[in-house]
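Colleague: So that you have it, the file is run-v7.pdb, and it contains PDB, C-alpha atoms, pLDDT in the B column:
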MODEL        1
ATOM      1  CA  MET A 452      27.209   7.470 -56.663  1.00 86.00           C
ATOM      2  CA  SER A 453      24.462  10.043 -56.185  1.00 91.00           C
ATOM      3  CA  VAL A 454      24.709  13.641 -55.018  1.00 91.00           C
ATOM      4  CA  THR A 455      22.658  15.041 -52.137  1.00 92.00           C
ATOM      5  CA  THR A 456      22.684  18.608 -50.900  1.00 94.00           C
ATOM      6  CA  VAL A 457      22.443  19.359 -47.204  1.00 94.00           C
ATOM      7  CA  ARG A 458      22.452  22.616 -45.248  1.00 96.00           C
ATOM      8  CA  LEU A 459      24.782  22.499 -42.260  1.00 97.00           C
ATOM      9  CA  GLN A 460      24.767  24.697 -39.191  1.00 97.00           C
ATOM     10  CA  ALA A 461      27.910  26.822 -39.002  1.00 97.00           C
ATOM     11  CA  ASP A 462      29.330  25.004 -35.985  1.00 98.00           C
ATOM     12  CA  VAL A 463      28.713  21.599 -37.616  1.00 97.00           C
ATOM     13  CA  GLU A 464      30.493  22.806 -40.752  1.00 97.00           C
ATOM     14  CA  GLN A 465      33.481  23.953 -38.696  1.00 98.00           C
ATOM     15  CA  HIS A 466      33.739  20.595 -36.909  1.00 98.00           C
ATOM     16  CA  LEU A 467      33.343  18.761 -40.210  1.00 98.00           C
ATOM     17  CA  GLU A 468      36.151  20.762 -41.805  1.00 98.00           C
ATOM     18  CA  ALA A 469      38.403  20.142 -38.800  1.00 98.00           C
ATOM     19  CA  ILE A 470      37.769  16.399 -38.875  1.00 98.00           C
ATOM     20  CA  ALA A 471      38.307  16.189 -42.637  1.00 98.00           C
ATOM     21  CA  SER A 472      41.541  18.152 -42.340  1.00 98.00           C
ATOM     22  CA  ARG A 473      42.813  16.008 -39.458  1.00 98.00           C
ATOM     23  CA  LEU A 474      42.051  12.804 -41.380  1.00 98.00           C
ATOM     24  CA  HIS A 475      43.343  14.180 -44.680  1.00 98.00           C
ATOM     25  CA  ARG A 476      40.009  13.278 -46.250  1.00 98.00           C
ATOM     26  CA  SER A 477      37.293  15.224 -48.007  1.00 97.00           C
ATOM     27  CA  LYS A 478      34.219  16.498 -46.204  1.00 97.00           C
ATOM     28  CA  GLY A 479      32.178  14.212 -48.467  1.00 96.00           C
ATOM     29  CA  TRP A 480      34.144  11.181 -47.276  1.00 97.00           C
ATOM     30  CA  VAL A 481      33.608  12.112 -43.614  1.00 98.00           C
ATOM     31  CA  ILE A 482      29.881  12.667 -44.191  1.00 97.00           C
ATOM     32  CA  ASN A 483      29.612   9.337 -46.029  1.00 97.00           C
ATOM     33  CA  GLN A 484      31.338   7.523 -43.150  1.00 98.00           C
ATOM     34  CA  ALA A 485      29.160   9.220 -40.543  1.00 98.00           C
ATOM     35  CA  LEU A 486      25.946   8.436 -42.392  1.00 97.00           C
ATOM     36  CA  ALA A 487      26.956   4.819 -42.974  1.00 98.00           C
ATOM     37  CA  GLU A 488      27.577   4.393 -39.228  1.00 98.00           C
ATOM     38  CA  TYR A 489      24.296   6.136 -38.386  1.00 98.00           C
ATOM     39  CA  ILE A 490      22.336   3.940 -40.791  1.00 98.00           C
ATOM     40  CA  GLU A 491      23.939   0.788 -39.362  1.00 98.00           C
ATOM     41  CA  LYS A 492      23.079   1.916 -35.835  1.00 98.00           C
ATOM     42  CA  GLN A 493      19.470   2.598 -36.829  1.00 98.00           C
ATOM     43  CA  GLN A 494      19.182  -0.844 -38.438  1.00 98.00           C
ATOM     44  CA  LEU A 495      20.518  -2.479 -35.262  1.00 98.00           C
ATOM     45  CA  GLU A 496      18.060  -0.491 -33.151  1.00 98.00           C
ATOM     46  CA  GLN A 497      15.196  -1.540 -35.420  1.00 98.00           C
ATOM     47  CA  GLU A 498      16.235  -5.200 -35.100  1.00 98.00           C
ATOM     48  CA  ARG A 499      16.506  -4.901 -31.309  1.00 98.00           C
ATOM     49  CA  TRP A 500      13.028  -3.391 -31.182  1.00 98.00           C
ATOM     50  CA  ARG A 501      11.652  -6.234 -33.318  1.00 98.00           C
ATOM     51  CA  GLN A 502      13.263  -8.772 -30.989  1.00 97.00           C
ATOM     52  CA  THR A 503      11.892  -6.945 -27.945  1.00 98.00           C
ATOM     53  CA  LEU A 504       8.355  -7.036 -29.309  1.00 98.00           C
ATOM     54  CA  GLU A 505       8.782 -10.722 -30.157  1.00 96.00           C
ATOM     55  CA  ALA A 506      10.033 -11.450 -26.621  1.00 94.00           C
ATOM     56  CA  MET A 507       7.152  -9.521 -25.073  1.00 96.00           C
ATOM     57  CA  GLU A 508       4.678 -11.523 -27.137  1.00 96.00           C
ATOM     58  CA  SER A 509       6.325 -14.780 -26.061  1.00 92.00           C
ATOM     59  CA  ALA A 510       6.155 -13.734 -22.414  1.00 93.00           C
ATOM     60  CA  ALA A 511       2.505 -12.763 -22.792  1.00 95.00           C
ATOM     61  CA  GLN A 512       1.884 -16.288 -24.080  1.00 93.00           C
ATOM     62  CA  GLY A 513       3.572 -17.737 -20.997  1.00 91.00           C
ATOM     63  CA  LYS A 514       6.728 -18.815 -22.815  1.00 91.00           C
ATOM     64  CA  VAL A 515       9.153 -17.970 -20.005  1.00 92.00           C
ATOM     65  CA  VAL A 516      12.102 -19.639 -18.293  1.00 91.00           C
ATOM     66  CA  ASP A 517      12.610 -19.675 -14.531  1.00 90.00           C
ATOM     67  CA  ALA A 518      15.460 -17.375 -13.460  1.00 93.00           C
ATOM     68  CA  SER A 519      17.166 -20.128 -11.435  1.00 94.00           C
ATOM     69  CA  GLU A 520      17.420 -22.270 -14.583  1.00 94.00           C
ATOM     70  CA  VAL A 521      19.047 -19.401 -16.440  1.00 94.00           C
ATOM     71  CA  HIS A 522      21.492 -18.740 -13.583  1.00 96.00           C
ATOM     72  CA  ASN A 523      22.463 -22.422 -13.411  1.00 94.00           C
ATOM     73  CA  TRP A 524      22.978 -22.458 -17.174  1.00 95.00           C
ATOM     74  CA  LEU A 525      25.183 -19.343 -17.036  1.00 96.00           C
ATOM     75  CA  LYS A 526      27.217 -20.768 -14.142  1.00 96.00           C
ATOM     76  CA  SER A 527      27.907 -23.869 -16.242  1.00 96.00           C
ATOM     77  CA  TRP A 528      29.539 -21.898 -19.059  1.00 96.00           C
ATOM     78  CA  GLY A 529      33.161 -22.878 -19.576  1.00 94.00           C
ATOM     79  CA  THR A 530      32.962 -25.884 -17.258  1.00 95.00           C
ATOM     80  CA  GLU A 531      33.208 -29.566 -18.098  1.00 94.00           C
ATOM     81  CA  ASN A 532      29.472 -29.881 -17.422  1.00 92.00           C
ATOM     82  CA  GLU A 533      28.309 -26.996 -19.581  1.00 95.00           C
ATOM     83  CA  GLN A 534      24.527 -27.163 -19.918  1.00 94.00           C
ATOM     84  CA  ASP A 535      22.326 -26.530 -22.913  1.00 92.00           C
ATOM     85  CA  ALA A 536      20.254 -23.358 -22.833  1.00 92.00           C
ATOM     86  CA  PRO A 537      17.054 -23.848 -20.865  1.00 91.00           C
ATOM     87  CA  GLY A 538      13.788 -23.805 -22.782  1.00 85.00           C
ATOM     88  CA  SER A 539      10.376 -22.540 -21.831  1.00 75.00           C
ATOM     89  CA  GLY A 540       8.855 -25.992 -22.156  1.00 68.00           C
ATOM     90  CA  LYS A 541       5.979 -24.556 -24.169  1.00 62.00           C
TER      91      LYS A 541
ENDMDL
END
Could you take the file, read its structure, and then write that structure out as structure tokens?
Modeller:
Amino acid sequence: MSVTTVRLQADVEQHLEAIASRLHRSKGWVINQALAEYIEKQQLEQERWRQTLEAMESAAQGKVVDASEVHNWLKSWGTENEQDAPGSGK
């Protein structure tokens, strides 16, 4: 495990100490947990952005599905006649 130094604003330090005390954990543990969650969130956001750009490119190429087909597909979920996801046909 590596060591990193960080300067905290006084109010952040107070909240950190309160959280660590309430959880009966060290400040380092709380910081580690918070950073791990932040990093995971950032990775998810990056993946969503990649997917958004990919979807925009597909739409620009005309690879789209009519809304009525999507609605019919969604309405079929959980029924005996559940449909396969509609495709763009391109």
Colleague: Give me the result of the PyMOL selection byres ((chain A and resi 455) around 12) on this file, residue by residue, as a PDB file with C-alpha atoms, in the frame of the given file.
Modeller:
ATOM      1  CA  MET A 452      27.209   7.470 -56.663  1.00 86.00           C
ATOM      2  CA  SER A 453      24.462  10.043 -56.185  1.00 91.00           C
ATOM      3  CA  VAL A 454      24.709  13.641 -55.018  1.00 91.00           C
ATOM      4  CA  THR A 456      22.684  18.608 -50.900  1.00 94.00           C
ATOM      5  CA  VAL A 457      22.443  19.359 -47.204  1.00 94.00           C
ATOM      6  CA  ARG A 458      22.452  22.616 -45.248  1.00 96.00           C
ATOM      7  CA  GLY A 479      32.178  14.212 -48.467  1.00 96.00           C
ATOM      8  CA  ILE A 482      29.881  12.667 -44.191  1.00 97.00           C
ATOM      9  CA  ASN A 483      29.612   9.337 -46.029  1.00 97.00           C
TER      10      ASN A 483
END
Colleague: Determine, counting all atoms listed in the file, which protein, DNA and RNA residues have an atom within 12 Å of an atom of Ala485 in chain A; residues of the same chain fewer than 5 positions away are not included. Present the result as a ChimeraX atom specification.
Modeller: /A:467,470-471,478-480,490-492
Colleague: Could you list, as a ChimeraX atom specification, every residue matched by the PyMOL selection byres ((chain A and resi 514-517) around 8) in this structure?
Modeller: /A:509-513,518-521,537-541
Colleague: Please indicate the distance in Å from CA of Gln484 in chain A to CA of Ala469 in chain A, rounded to one decimal place.
Modeller: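 Here the two named atoms are 15.1 Å from each other.
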Colleague: Could you work out how far CA of Gln502 in chain A lies from CA of Ala536 in chain A, giving the answer in Å with one decimal?
Modeller: 18.1 Å
Colleague: One decimal, Å: what's the distance from CA of Gln534 in chain A over to CA of Leu504 in chain A, could you say?
Modeller: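 Distance between the two atoms: 27.5 Å.
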